[in-house]
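Heads up, the thing below is written out as structure tokens.
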Amino acid sequence: MAGIAAGGELLLGHGSGTPPSAPEAVGVTCVGDQGLAAWVAPQFSCHAVRVRLDRETGVVRVLEVSAAHDSGTIINPIGATGQVQGGVLMGIGQALTEGTRYRDDARQQNAGLLEYKLQTAADAPQIQIEFVEVPTANAGPSGAKGIAEAPNVATPAAIANALAKLIGRPVRQLPMTAERVWETAIGADEGGVQ
Amino acid sequence: MQFSIATTLDEALDALATGACPIAGGTDLVVAARHGKAPLPDSVVAIDRLSELQTISSTADATIIGAGVTHARLMTNDAVTGALAGLADASALVGSPATRNLGTLGGNVMNASPAMDTGAPLVVLNASVTLRSTRGERSLPVAELWVGPGQTATRPDELCTVIVIPTPRVRSGSAYVRLEYRRAMEIAVVGAAAAITLGDDGSIEALAVALTAVGPTILSVELAELVGHPMTPETLERVATLASTQSTPISDGRASDRYRRHAVGIMAKRR
Amino acid sequence: MTSDQQAITLSVNGVTYPVTISPARNLLSVIRSEIGLTGTKEGCDDCECGACMVLLDGQPVNSCSFLAAQAEGRSVTTIEGLVQGEQLHPMQRNILDEGGVQCGFCTPGMIMSTCALLERCPRPTDDEIQIGLSGNLCRCTGYATIIAAVRRTAEELAP
């Protein structure tokens with residue numbers, strides 16, 4: 001497969017299988033055995049987004065996010081929902097506007113909240129959340145699994161795919177700032193038209 | 001630091017004559033000090049309680065806006081949202097609700113940031129400022145007021161008291177459009193204001209476009225060639241091209257000069 | 001006491017506090033350190049995050065970037081001023097019930113911005129709520145639960 005990919009051919013694939021069982025987690029951590037088990041149990045998630053692209057400037061707004069998560073048994077629905085909502089917003093920031101920049105002397109160029117841009121309440125999209133509670137052997141208490149970081153991972157990927165579909169090629173670097181999206185759209189990143 | 005709260009305009013002017021720096025909402029002065037950009041001045045006089053600076057009045061010839069009028073009032077004032085829509089647009093985009101509640105038009109104008117949102121609309125609306133000191137009063141068009149980033153053609157003892165905007169002619173309109181990476185708490189990456197007056201036949205009688213954050217001060221675009229033309233998509237494209245080519249942006253953490261040059265043209269033609 | 005100290009009185013939550021401070025001090029530090037009300041938070045100290053939001057004559061102000069001396073003769077309201085005896089303000093109750101508090105650092109500022117919003121706009125649309133809270137950054141919640149709490153509070157309080 002690596003050989004085919006190296007030849008420049010597009011590799012696409014899909015499939016599904018049985019989720020692996022969680023490994024035996026023994027060992028005392030600061031949160032005890034049970035916490036460790038919840039941590040190492042495999043989580044699954046799937047996000048879909050609807051975005052609006054300003055083609056002339058590359059500015060992207062995320063309008064709607066759907067997030068499905070298998071985090072095992074949901075013990076505290078309010079807390080779990082809040083983790084996904086927060087993770088989605090953080091993921092949007094990661095995808096579009098948040099990124100540390102460093103000067104040559106290794107000091108951060110944007111060490112302030114005006115230049116390191118978190119998403120604001122005015123940017124918050126509609127978020128629909130579905131918990132898919134799949135019983136997992138060796139998971140945490142009552143079959144619970146971790147949740148906090150997962151929504152952070154799928155959101156930028158979903159936004160990147162939506163943008164790739166809109167502009168015909170992927171933006172190769174996070175955050176996908178307006179300027180990077182515009183550069184990609186006009187082909188400048190591949191030596192295209194200026 | 002010396003600090004006093006002026007209760008009359010004369011008190012404020014006296015304080016300025018002895019070297020005090022005026023403070024209204026403090027959204028530039030105090031924030032700059034907290035950023036470590038510039039320490040607080042040795043002497044400060046608060047001018048936020050001077051009723052003379054708080055009024056918006058209209059005559060047949062002009063709208064006269066007190067320097068102490070906040071962005072929150074500008075964006076909802078009927079005289080401003082009606083005939084001076086570009087200024088209302090810009091005021092509504094400034095910072096956050098708290099910034100708009102404290103920040104004033106006079107403060108914005110005298111801070112002279114090339115990224116200020118109200119600057120471009122004031123230029124295209126031909127605004128001028130009235131400057132008062134214990135020595136007297138004079139008027140200065142905003143385009144002559146700003147001489148560089150953070151620099152004005154004023155003397156330290158002069159206080160901006162009002163901003164005067166001539167009443168636009170019939171068949172006139174104005175707007176301000178800003179490029180922003182998020183919907184609030186933004187500083188203009190680039191922005192553009194336009195004011196247009198159409199003739200009886202629908203052709204362009206007067207057109208002014210000014211640009212935000214693409215030069216050391218708010219930049220006026222030379223558009224004389226378009227007067228007399230009909231406003232067609234081709235005319236708009238020409239506006240975009242002229243705005244882009246006449247802009248002199250820099251590259252910084254917010255955007256490259258190349259992107260700014262492109263985007264300011266888009267802002268200039270955008271409805 | 002250095003020469004630039006000034007004796008002023010501040011009205012915070014209806015109580016008059018005499019304080020002697022340097023006029024260069026910001027309102028936030030005086031409220032927290034001199035007056036001892038620590039509900040108002042210092043976030044960025046840069047006018048960017050809204051954690052320090054208080055009301056000045058009912059209007060929202062980032063207290064980190066406002067001179068304390070300039071608040072003399074005006075009425076300051078902090079998060080502590082919203083509780084009626086043991087009774088939480090409806091927005092305090094609703095933000096808890098909706099799950100709008102995670103780490104809690106933005107919460108007092110969010111509540112103060114909500115009070116200012118509902119004062120000028122008692123029946124806000126969702127967009128008006130989002131713009132009304134746009135000066136308050138939250139890293140944890142994704143804003144959805146906070147927006148829901150504002151919606152509920154507006155319904156309860158609307159005339």
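By convention in this document, the chains of the structure tokens carry letters A, B, ... by their order, each chain's residues are numbered from 1, and ligands are numbered from 1 in the order they are shown.
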
(message) If we count only C-alpha atoms and set the cut-off at 10 Å, which residues sit around Gly82 of chain A, ignoring sequence neighbours fewer than 4 positions away in its own chain? Please answer as a VMD selection string.
(response) (chain A and resid 76 to 78 86 to 88 148) or (chain C and resid 98 to 102 140 to 145)

(request) Taking the chain letters and numbering used in this document, name the residues of segment 31-74 of chain A that DSSP puts in strand (DSSP E), as a list of chain:residue names. (result)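 The residues of segment 31-74 of chain A classed as strand (DSSP E) are A:Phe44, A:Ser45, A:Cys46, A:His47, A:Ala48, A:Val49, A:Arg50, A:Val51, A:Arg52, A:Leu53, A:Val60, A:Arg61, A:Val62, A:Leu63, A:Glu64, A:Val65, A:Ser66, A:Ala67, A:Ala68, A:His69, A:Asp70.
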
(request) Excluding Thr40 of chain C and residues on its chain fewer than 3 positions from it, collect all residues at most 9 Å away from it, counting only C-alpha atoms, and give them as a VMD selection string. (result) chain C and resid 28 31 to 32 37 51 to 54 63 78 to 80 108 to 109

Now that the selection is made, can you save its residues with C-alpha atoms as a PDB file, in the first residue's frame?
```
ATOM      1  CA  LEU C  28     -10.650  44.867  39.759  1.00  0.00           C
ATOM      2  CA  ILE C  31     -12.633  45.269  44.557  1.00  0.00           C
ATOM      3  CA  ARG C  32     -10.687  42.083  45.279  1.00  0.00           C
ATOM      4  CA  LEU C  37     -14.989  40.755  47.282  1.00  0.00           C
ATOM      5  CA  ALA C  51     -13.837  37.258  33.645  1.00  0.00           C
ATOM      6  CA  CYS C  52     -13.584  40.589  35.497  1.00  0.00           C
ATOM      7  CA  MET C  53     -16.920  41.937  34.232  1.00  0.00           C
ATOM      8  CA  VAL C  54     -18.795  44.167  36.685  1.00  0.00           C
ATOM      9  CA  SER C  63     -12.884  46.030  35.669  1.00  0.00           C
ATOM     10  CA  THR C  78     -20.376  42.667  41.372  1.00  0.00           C
ATOM     11  CA  ILE C  79     -21.483  39.034  41.370  1.00  0.00           C
ATOM     12  CA  GLU C  80     -21.874  39.213  45.176  1.00  0.00           C
ATOM     13  CA  PRO C 108     -19.244  35.507  37.388  1.00  0.00           C
ATOM     14  CA  GLY C 109     -18.428  37.525  34.281  1.00  0.00           C
TER      15      GLY C 109
END
```

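Set the cut-off at 8 Å, count only C-alpha atoms, and the residues of chain A near chain C turn out to be Ile78, Gly79, Gly82, Gln83, Gln85, Gly86, Gly87, Val88, Leu89, Met90, Gly112, Leu113, Leu114, Leu118, Gln119, Thr120, Ala121, Ala122, Asp123, Ala124, Gln126 and Ile127 of chain A.
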
Would you mind listing, for every residue of chain B within 6 Å of chain C, the two atoms forming the shortest contact and the distance between them in Å to one decimal, using only C-alpha atoms, sorted by chain and ascending residue number, as CSV?
```
residue,atom,partner,partner_atom,distance
B:Met1,CA,C:Asp4,CA,5.9
B:Val30,CA,C:Ser65,CA,5.5
B:Val31,CA,C:Ser65,CA,5.6
B:Ser96,CA,C:Gly135,CA,4.8
B:Ala98,CA,C:Pro60,CA,5.0
B:Ala184,CA,C:Ser134,CA,5.9
```

For segment 109-112 of chain B, list every protein, DNA or RNA residue within 8 Å, evaluated using only C-alpha atoms, and leave out those in the same chain fewer than 3 positions away; present the list as a PDB file with N, CA, C and O atoms, in the first residue's frame.
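Dumped to out_4.pdb:
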```
ATOM      1  N   ASP B  28      -8.505  52.413  25.533  1.00  0.00           N
ATOM      2  CA  ASP B  28      -7.185  52.417  24.901  1.00  0.00           C
ATOM      3  C   ASP B  28      -6.090  52.688  25.921  1.00  0.00           C
ATOM      4  O   ASP B  28      -5.115  51.950  26.023  1.00  0.00           O
ATOM      5  N   LEU B 105     -16.279  57.794  20.636  1.00  0.00           N
ATOM      6  CA  LEU B 105     -15.855  58.181  19.289  1.00  0.00           C
ATOM      7  C   LEU B 105     -14.639  59.108  19.367  1.00  0.00           C
ATOM      8  O   LEU B 105     -13.683  58.949  18.610  1.00  0.00           O
ATOM      9  N   GLY B 106     -14.677  60.046  20.313  1.00  0.00           N
ATOM     10  CA  GLY B 106     -13.542  60.958  20.462  1.00  0.00           C
ATOM     11  C   GLY B 106     -12.267  60.212  20.815  1.00  0.00           C
ATOM     12  O   GLY B 106     -11.190  60.501  20.280  1.00  0.00           O
ATOM     13  N   MET B 116      -8.404  51.323  13.553  1.00  0.00           N
ATOM     14  CA  MET B 116      -9.657  51.749  14.178  1.00  0.00           C
ATOM     15  C   MET B 116     -10.818  51.565  13.214  1.00  0.00           C
ATOM     16  O   MET B 116     -10.707  51.865  12.031  1.00  0.00           O
ATOM     17  N   THR B 118     -13.903  53.053  13.306  1.00  0.00           N
ATOM     18  CA  THR B 118     -14.718  54.225  12.949  1.00  0.00           C
ATOM     19  C   THR B 118     -13.965  55.182  12.019  1.00  0.00           C
ATOM     20  O   THR B 118     -14.577  56.088  11.456  1.00  0.00           O
ATOM     21  N   GLY B 119     -12.667  54.990  11.843  1.00  0.00           N
ATOM     22  CA  GLY B 119     -11.869  55.922  11.053  1.00  0.00           C
ATOM     23  C   GLY B 119     -12.269  55.988   9.590  1.00  0.00           C
ATOM     24  O   GLY B 119     -12.494  57.083   9.048  1.00  0.00           O
ATOM     25  N   TRP B 146      -4.934  62.566  11.317  1.00  0.00           N
ATOM     26  CA  TRP B 146      -4.054  61.415  11.542  1.00  0.00           C
ATOM     27  C   TRP B 146      -2.793  61.556  10.707  1.00  0.00           C
ATOM     28  O   TRP B 146      -2.860  61.684   9.484  1.00  0.00           O
ATOM     29  N   GLY B 148       0.135  59.461  11.482  1.00  0.00           N
ATOM     30  CA  GLY B 148       0.900  58.218  11.570  1.00  0.00           C
ATOM     31  C   GLY B 148       0.229  57.316  12.589  1.00  0.00           C
ATOM     32  O   GLY B 148      -0.744  57.722  13.232  1.00  0.00           O
ATOM     33  N   PRO B 149       0.738  56.079  12.746  1.00  0.00           N
ATOM     34  CA  PRO B 149       0.120  55.183  13.719  1.00  0.00           C
ATOM     35  C   PRO B 149       0.171  55.805  15.125  1.00  0.00           C
ATOM     36  O   PRO B 149       1.262  56.073  15.632  1.00  0.00           O
ATOM     37  N   GLY B 150      -0.977  56.045  15.710  1.00  0.00           N
ATOM     38  CA  GLY B 150      -1.036  56.611  17.052  1.00  0.00           C
ATOM     39  C   GLY B 150      -0.646  58.074  17.129  1.00  0.00           C
ATOM     40  O   GLY B 150      -0.475  58.614  18.222  1.00  0.00           O
ATOM     41  N   GLN B 151      -0.498  58.712  15.973  1.00  0.00           N
ATOM     42  CA  GLN B 151      -0.057  60.111  15.984  1.00  0.00           C
ATOM     43  C   GLN B 151      -1.087  61.023  15.329  1.00  0.00           C
ATOM     44  O   GLN B 151      -1.588  60.731  14.243  1.00  0.00           O
ATOM     45  N   THR B 152      -1.362  62.154  16.005  1.00  0.00           N
ATOM     46  CA  THR B 152      -2.291  63.131  15.442  1.00  0.00           C
ATOM     47  C   THR B 152      -1.590  64.474  15.282  1.00  0.00           C
ATOM     48  O   THR B 152      -0.563  64.730  15.916  1.00  0.00           O
ATOM     49  N   CYS B 160     -10.414  66.979  21.898  1.00  0.00           N
ATOM     50  CA  CYS B 160     -11.429  66.820  20.856  1.00  0.00           C
ATOM     51  C   CYS B 160     -12.786  66.900  21.540  1.00  0.00           C
ATOM     52  O   CYS B 160     -13.085  66.109  22.436  1.00  0.00           O
ATOM     53  N   THR B 217      -1.946  55.148   8.356  1.00  0.00           N
ATOM     54  CA  THR B 217      -3.179  55.778   8.821  1.00  0.00           C
ATOM     55  C   THR B 217      -4.311  55.236   7.963  1.00  0.00           C
ATOM     56  O   THR B 217      -4.066  54.441   7.049  1.00  0.00           O
TER      57      THR B 217
END
```

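On the backbone of this structure, DSSP gives helix (DSSP H, G or I) within segment 135-261 of chain B to Val142, Ala143, Glu144, Leu145, Ala224, Glu225, Leu226, Pro233, Glu234, Thr235, Leu236, Glu237, Arg238, Val239, Ala240, Thr241, Leu242, Ala243, Ser244, Thr245, Gln246, Asp257, Arg258, Tyr259, Arg260 and Arg261 of chain B.
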
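Contacts from chain A to chain B at a cut-off of 8 Å (only C-alpha atoms) map to A:Glu56, A:Thr57, A:Val59, A:Thr97, A:Arg101, A:Gln109, A:Asn110, A:Leu114, A:Glu115, A:Lys117, A:Gln119, A:Thr120, A:Ala122, A:Asp123, A:Thr177, A:Ala178, A:Glu179.
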
Requested write-out: all heavy atoms of the selected residues, as a short mmCIF file (atom, residue, chain, number, x, y, z; two decimals), in the first residue's frame:
```cif
data_model
loop_
_atom_site.label_atom_id
_atom_site.label_comp_id
_atom_site.auth_asym_id
_atom_site.auth_seq_id
_atom_site.Cartn_x
_atom_site.Cartn_y
_atom_site.Cartn_z
N GLU A 56 -14.09 34.25 -1.29
CA GLU A 56 -13.20 35.36 -1.68
C GLU A 56 -12.13 35.65 -0.63
O GLU A 56 -11.07 36.18 -0.94
CB GLU A 56 -14.02 36.62 -1.94
CG GLU A 56 -14.85 36.54 -3.21
CD GLU A 56 -15.66 37.81 -3.45
OE1 GLU A 56 -16.34 38.26 -2.51
OE2 GLU A 56 -15.61 38.32 -4.56
N THR A 57 -12.43 35.33 0.64
CA THR A 57 -11.47 35.67 1.70
C THR A 57 -10.94 34.45 2.45
O THR A 57 -9.98 34.56 3.21
CB THR A 57 -12.11 36.58 2.76
OG1 THR A 57 -13.19 35.87 3.36
CG2 THR A 57 -12.64 37.87 2.14
N VAL A 59 -12.54 32.99 4.85
CA VAL A 59 -13.09 32.96 6.21
C VAL A 59 -14.15 31.85 6.31
O VAL A 59 -15.01 31.74 5.45
CB VAL A 59 -13.70 34.33 6.59
CG1 VAL A 59 -14.46 34.23 7.91
CG2 VAL A 59 -12.61 35.39 6.68
N THR A 97 -8.82 29.08 14.18
CA THR A 97 -8.28 30.36 14.65
C THR A 97 -7.21 30.27 15.73
O THR A 97 -6.53 31.25 15.99
CB THR A 97 -9.42 31.24 15.23
OG1 THR A 97 -10.11 30.49 16.23
CG2 THR A 97 -10.38 31.68 14.15
N ARG A 101 2.14 31.17 17.76
CA ARG A 101 3.20 31.54 16.81
C ARG A 101 4.41 32.00 17.61
O ARG A 101 4.27 32.66 18.63
CB ARG A 101 2.71 32.68 15.90
CG ARG A 101 1.52 32.33 15.04
CD ARG A 101 1.24 33.43 14.02
NE ARG A 101 0.97 34.71 14.66
CZ ARG A 101 -0.25 35.14 14.99
NH1 ARG A 101 -1.29 34.39 14.73
NH2 ARG A 101 -0.42 36.32 15.56
N GLN A 109 4.65 34.89 19.98
CA GLN A 109 4.28 36.15 19.33
C GLN A 109 2.86 36.57 19.71
O GLN A 109 2.55 37.75 19.75
CB GLN A 109 4.35 35.92 17.82
CG GLN A 109 4.53 37.14 16.99
CD GLN A 109 4.58 36.76 15.51
OE1 GLN A 109 4.16 35.69 15.10
NE2 GLN A 109 5.08 37.66 14.71
N ASN A 110 2.02 35.58 19.96
CA ASN A 110 0.61 35.90 20.22
C ASN A 110 0.17 35.42 21.60
O ASN A 110 -0.82 34.72 21.75
CB ASN A 110 -0.29 35.31 19.13
CG ASN A 110 -0.17 33.81 19.00
OD1 ASN A 110 0.83 33.21 19.41
ND2 ASN A 110 -1.17 33.18 18.44
N LEU A 114 -6.20 38.46 22.40
CA LEU A 114 -6.63 39.19 21.19
C LEU A 114 -6.03 38.52 19.96
O LEU A 114 -6.68 38.43 18.92
CB LEU A 114 -6.18 40.66 21.27
CG LEU A 114 -6.52 41.50 20.03
CD1 LEU A 114 -8.03 41.57 19.82
CD2 LEU A 114 -5.97 42.90 20.16
N GLU A 115 -4.80 38.03 20.10
CA GLU A 115 -4.12 37.45 18.94
C GLU A 115 -4.19 35.92 18.93
O GLU A 115 -4.08 35.30 17.88
CB GLU A 115 -2.66 37.91 18.90
CG GLU A 115 -2.47 39.41 18.86
CD GLU A 115 -3.00 40.07 17.57
OE1 GLU A 115 -3.28 39.35 16.60
OE2 GLU A 115 -3.14 41.31 17.57
N LYS A 117 -6.75 33.44 19.19
CA LYS A 117 -8.19 33.67 19.11
C LYS A 117 -9.02 32.44 19.46
O LYS A 117 -9.18 31.54 18.64
CB LYS A 117 -8.55 34.16 17.72
CG LYS A 117 -7.99 35.56 17.44
CD LYS A 117 -8.32 36.01 16.04
CE LYS A 117 -7.52 37.23 15.65
NZ LYS A 117 -7.75 38.39 16.48
N GLN A 119 -12.70 30.80 20.07
CA GLN A 119 -14.03 31.07 19.55
C GLN A 119 -14.84 31.77 20.64
O GLN A 119 -14.73 31.46 21.82
CB GLN A 119 -14.71 29.75 19.16
CG GLN A 119 -13.98 29.00 18.06
CD GLN A 119 -14.17 29.64 16.70
OE1 GLN A 119 -15.28 29.72 16.18
NE2 GLN A 119 -13.09 30.10 16.09
N THR A 120 -15.67 32.73 20.22
CA THR A 120 -16.50 33.44 21.19
C THR A 120 -17.91 32.85 21.18
O THR A 120 -18.24 32.01 20.33
CB THR A 120 -16.61 34.93 20.84
OG1 THR A 120 -17.45 35.08 19.68
CG2 THR A 120 -15.24 35.53 20.54
N ALA A 122 -20.41 34.26 20.19
CA ALA A 122 -21.05 34.65 18.93
C ALA A 122 -20.71 33.67 17.81
O ALA A 122 -21.39 33.62 16.79
CB ALA A 122 -20.63 36.06 18.54
N ASP A 123 -19.64 32.90 17.97
CA ASP A 123 -19.23 31.94 16.94
C ASP A 123 -19.80 30.54 17.18
O ASP A 123 -19.68 29.68 16.33
CB ASP A 123 -17.69 31.82 16.91
CG ASP A 123 -17.03 33.15 16.64
OD1 ASP A 123 -17.19 33.66 15.53
OD2 ASP A 123 -16.36 33.68 17.55
N THR A 177 -6.39 28.81 8.88
CA THR A 177 -6.74 30.23 8.95
C THR A 177 -7.34 30.68 7.62
O THR A 177 -7.14 30.03 6.59
CB THR A 177 -5.48 31.08 9.21
OG1 THR A 177 -4.56 30.84 8.13
CG2 THR A 177 -4.81 30.72 10.52
N ALA A 178 -8.01 31.82 7.67
CA ALA A 178 -8.63 32.35 6.45
C ALA A 178 -7.58 32.47 5.35
O ALA A 178 -7.82 32.09 4.20
CB ALA A 178 -9.25 33.71 6.75
N GLU A 179 -6.40 32.94 5.73
CA GLU A 179 -5.36 33.12 4.71
C GLU A 179 -4.92 31.78 4.12
O GLU A 179 -4.74 31.66 2.90
CB GLU A 179 -4.16 33.87 5.31
CG GLU A 179 -3.10 34.15 4.27
CD GLU A 179 -2.08 35.20 4.70
OE1 GLU A 179 -2.25 35.81 5.78
OE2 GLU A 179 -1.12 35.41 3.96
#
```

(message) Just to confirm, what's the straight-line distance from atom CA of Ala149 of chain C to atom CA of Asn101 of chain B in Å (one decimal)?
(response) 23.5 Å

(message) Can you tell me which residues surround Ser71 of chain A at a distance of at most 12 Å, considering only C-alpha atoms, apart from same-chain residues fewer than 5 positions away, and format the answer as number ranges by chain?
(response) A: 38-46, 76-77, 80-81, 83-84, 130-136, 139-151

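What separates atom CA of Ala158 of chain A from atom CA of Glu9 of chain A is a distance of 22.9 Å.
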
(request) Write out as a list in words which residues come within 10 Å of Glu155 of chain C when counting only C-alpha atoms, dropping same-chain ones fewer than 6 positions away. (result) Pro122, Arg123, Pro124 and Ala149 of chain C
